[in-house]
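S.K.: What follows is a structure written as structure tokens; I'll ask about it next.
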Amino acid sequence: MAAPDSRLPNIALAGPTAAGKTAAALALAAALGRRQAVEIISVDSALVYRGMDIGSAKPTPAERAAVPHHLIDIRDPLQAYSAAEFVQDARRLIGEIRARGALPLLVGGTMLYFKALFDGLDAMPAADPAVRARLNARAAEQGWPALHAELARVDPVTAARLAPGDSQRIQRALEVWQISGQPLSSFHAIEKGSAGAYGACACALFSLEPQDRAWLHERIARRFDAMLAAGFIAEVQALRARGDLHPDLPAMRCVGYRQVWEALDWQARHAGGPPLHGAPLHARSMDAVRERGVAATRQLAKRQITWLRSMPQRHTTACDQPQAVAQLVQAVLQRLEQHAP
């Protein structure tokens, strides 16, 4: 293996859910590893949580053993994890990985984390339980679409990228507005490298994006079916059985987990109580989980692609092409060659 070259850029690989990022990242790490050791930093807001393995499509133990992974299983589902915390952790890890003579490979689909890392974030207000309680009470009375309409009046930029039912992000955006008097979008719209931002970090950004959206939709459906077959329902039942988690936590709002939790709640109200841990959902509830889970995942993918299109610096590979991984590896190697001595 060649001597480590500290001048090589950090490599970032982004893409929508189910685009094949994990497999591509492992192939990329294997190819890059011929010249320099590689360590992967996860850029995923669901993978940080312990006990949430199936529904988050967490890399398997074998995959994590093949290449060192970071920022996986670092939080209990009861704890929150913010974009600002991610930036701090990622910057620290990048420095540590570089110090070991290895190359950081940042991989994931949480686009807010990528944007925070690339552009930096102003210090946003911390969460305020009292404000959140008031917003939740209003949502229970009026519905989240009504609060989304309010957000559109005070922060149209943020509202435009959120679905009317995206309770977690609507709540946070209105919370920031009520605490600071500034729209959430103002904290994100910071000139790259400005003195007011913190955490800005240069990376060579590559993305996996489908040319045919139907291809991605089919993969999303197949993967959700595979999660159900692997015991996703039982995983959420085990989380519920702890007794200290609730559906308003950021962890339980993750796509898939939210839909399973709601199905278990529905069955508890209408079908004689929830199934015991490990027991199957009733057919009606299972059908609802699949339908709503696939639909929510498609909406997530749509939002992720919209975020990616706002990042013109990215190098795009069509993930629905037969040689997508080989093309990605070649593009990254060419980029690194430009920085070779």
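In the structure tokens, chains take the letters A, B, ... in the order shown, each chain's residues start at 1, and ligands count up from 1 in the order shown.
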Would you pick out the contacts of region 296-305 of chain A at 8 Å or less, using only C-alpha atoms, so that residues sharing its chain but fewer than 4 positions from it are not included, and give the list as a count of residues only?
M.R.: 14
S.K.: Do you know which residues are at most 8 Å from region 54-63 of chain A counting only C-alpha atoms, after dropping those on the same chain fewer than 2 positions away, and could you put them as a short mmCIF file (atom, residue, chain, number, x, y, z; two decimals) with C-alpha atoms, in the first residue's frame?
M.R.:
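Just written: part-v4.cif:
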```
data_model
loop_
_atom_site.label_atom_id
_atom_site.label_comp_id
_atom_site.auth_asym_id
_atom_site.auth_seq_id
_atom_site.Cartn_x
_atom_site.Cartn_y
_atom_site.Cartn_z
CA THR A 22 -23.86 0.53 1.60
CA LEU A 26 -17.86 -1.18 0.70
CA ALA A 46 -31.31 6.58 12.15
CA LEU A 47 -28.12 4.54 12.33
CA MET A 52 -32.86 -0.02 15.59
CA ALA A 65 -16.01 -5.75 10.38
CA ALA A 66 -14.79 -5.45 6.78
CA VAL A 67 -14.35 -1.67 7.05
CA MET A 227 -37.39 -5.84 6.54
CA ALA A 230 -36.53 -10.19 8.87
CA GLY A 231 -38.55 -9.27 11.97
CA PHE A 232 -39.07 -5.52 11.76
CA GLU A 235 -37.99 -5.05 16.62
CA GLY A 256 -40.77 2.81 8.96
CA TYR A 257 -40.61 2.88 12.75
#
```
S.K.: Can you work out which one of A:Thr158, A:Leu239, A:Ala163, A:Ile40 has the shortest atom-to-atom distance to Pro145 (chain A), counting only C-alpha atoms?
M.R.: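 Residue with the minimum atom-to-atom distance to Pro145 (chain A): A:Ala163.
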S.K.: Which residue gives the smallest distance to Ala226 (chain A) among A:Leu71, A:Leu208, A:Met124, A:Val294, with only C-alpha atoms counted?
M.R.: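 Smallest distance to Ala226 (chain A) is found for A:Val294.
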S.K.: Please identify all polymer residues within 10 Å of region 328-336 of chain A, counting only C-alpha atoms, omitting same-chain residues fewer than 3 positions from it, and present them as number ranges by chain.
M.R.: A: 7-13, 24-25, 27-32, 204-208, 315-319, 323-325, 339-340
S.K.: Can you check which residues of region 132-220 of chain A DSSP gives as strand (DSSP E or B) on the backbone and send them as a PyMOL selection string?
M.R.: chain A and resi 198+203-209
S.K.: Only all heavy atoms, please: the residues just picked out, written as a CSV table (one decimal), in the first residue's frame.
M.R.:
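And here's again_8.csv as it stands now:
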```csv
chain,number,residue,atom,x,y,z
A,198,TYR,N,-20.0,27.6,11.8
A,198,TYR,CA,-18.9,26.7,12.4
A,198,TYR,C,-19.1,25.3,11.8
A,198,TYR,O,-20.2,24.9,11.4
A,198,TYR,CB,-19.1,26.6,13.9
A,198,TYR,CG,-20.3,25.9,14.4
A,198,TYR,CD1,-20.2,24.5,14.6
A,198,TYR,CD2,-21.5,26.6,14.7
A,198,TYR,CE1,-21.3,23.8,15.1
A,198,TYR,CE2,-22.6,25.9,15.1
A,198,TYR,CZ,-22.5,24.5,15.3
A,198,TYR,OH,-23.6,23.8,15.8
A,203,CYS,N,-15.3,18.5,1.2
A,203,CYS,CA,-15.3,17.1,0.8
A,203,CYS,C,-15.6,17.1,-0.7
A,203,CYS,O,-16.2,18.0,-1.2
A,203,CYS,CB,-16.5,16.4,1.5
A,203,CYS,SG,-16.3,16.1,3.3
A,204,ALA,N,-15.1,16.0,-1.3
A,204,ALA,CA,-15.5,15.7,-2.7
A,204,ALA,C,-16.7,14.9,-2.6
A,204,ALA,O,-16.7,13.8,-2.1
A,204,ALA,CB,-14.3,15.0,-3.4
A,205,LEU,N,-17.8,15.4,-3.1
A,205,LEU,CA,-19.2,14.8,-3.0
A,205,LEU,C,-19.5,14.0,-4.2
A,205,LEU,O,-19.6,14.6,-5.3
A,205,LEU,CB,-20.2,15.9,-2.7
A,205,LEU,CG,-21.7,15.4,-2.6
A,205,LEU,CD1,-21.9,14.4,-1.5
A,205,LEU,CD2,-22.6,16.6,-2.4
A,206,PHE,N,-19.9,12.8,-4.0
A,206,PHE,CA,-20.4,11.9,-5.1
A,206,PHE,C,-21.8,11.4,-4.6
A,206,PHE,O,-22.0,11.2,-3.4
A,206,PHE,CB,-19.4,10.7,-5.3
A,206,PHE,CG,-18.1,11.1,-5.7
A,206,PHE,CD1,-17.1,11.5,-4.8
A,206,PHE,CD2,-17.7,11.1,-7.1
A,206,PHE,CE1,-15.8,11.9,-5.2
A,206,PHE,CE2,-16.5,11.4,-7.5
A,206,PHE,CZ,-15.5,11.9,-6.6
A,207,SER,N,-22.6,11.2,-5.6
A,207,SER,CA,-24.0,10.8,-5.3
A,207,SER,C,-24.5,9.7,-6.2
A,207,SER,O,-24.1,9.6,-7.4
A,207,SER,CB,-25.0,12.0,-5.4
A,207,SER,OG,-25.1,12.4,-6.7
A,208,LEU,N,-25.3,8.8,-5.7
A,208,LEU,CA,-26.0,7.8,-6.4
A,208,LEU,C,-27.4,8.2,-6.6
A,208,LEU,O,-28.1,8.4,-5.6
A,208,LEU,CB,-25.9,6.4,-5.7
A,208,LEU,CG,-24.6,5.7,-5.6
A,208,LEU,CD1,-24.7,4.6,-4.6
A,208,LEU,CD2,-24.1,5.3,-6.9
A,209,GLU,N,-27.8,8.5,-7.8
A,209,GLU,CA,-29.2,8.9,-8.1
A,209,GLU,C,-29.8,8.2,-9.3
A,209,GLU,O,-29.1,8.0,-10.3
A,209,GLU,CB,-29.2,10.4,-8.4
A,209,GLU,CG,-28.6,11.3,-7.2
A,209,GLU,CD,-28.5,12.7,-7.6
A,209,GLU,OE1,-29.4,13.3,-8.3
A,209,GLU,OE2,-27.4,13.4,-7.2
```
S.K.: Work out how far CA of Arg91 (chain A) is from CA of Gly33 (chain A), in Å to one decimal.
M.R.: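 CA of Arg91 (chain A) lies 21.4 Å from CA of Gly33 (chain A).
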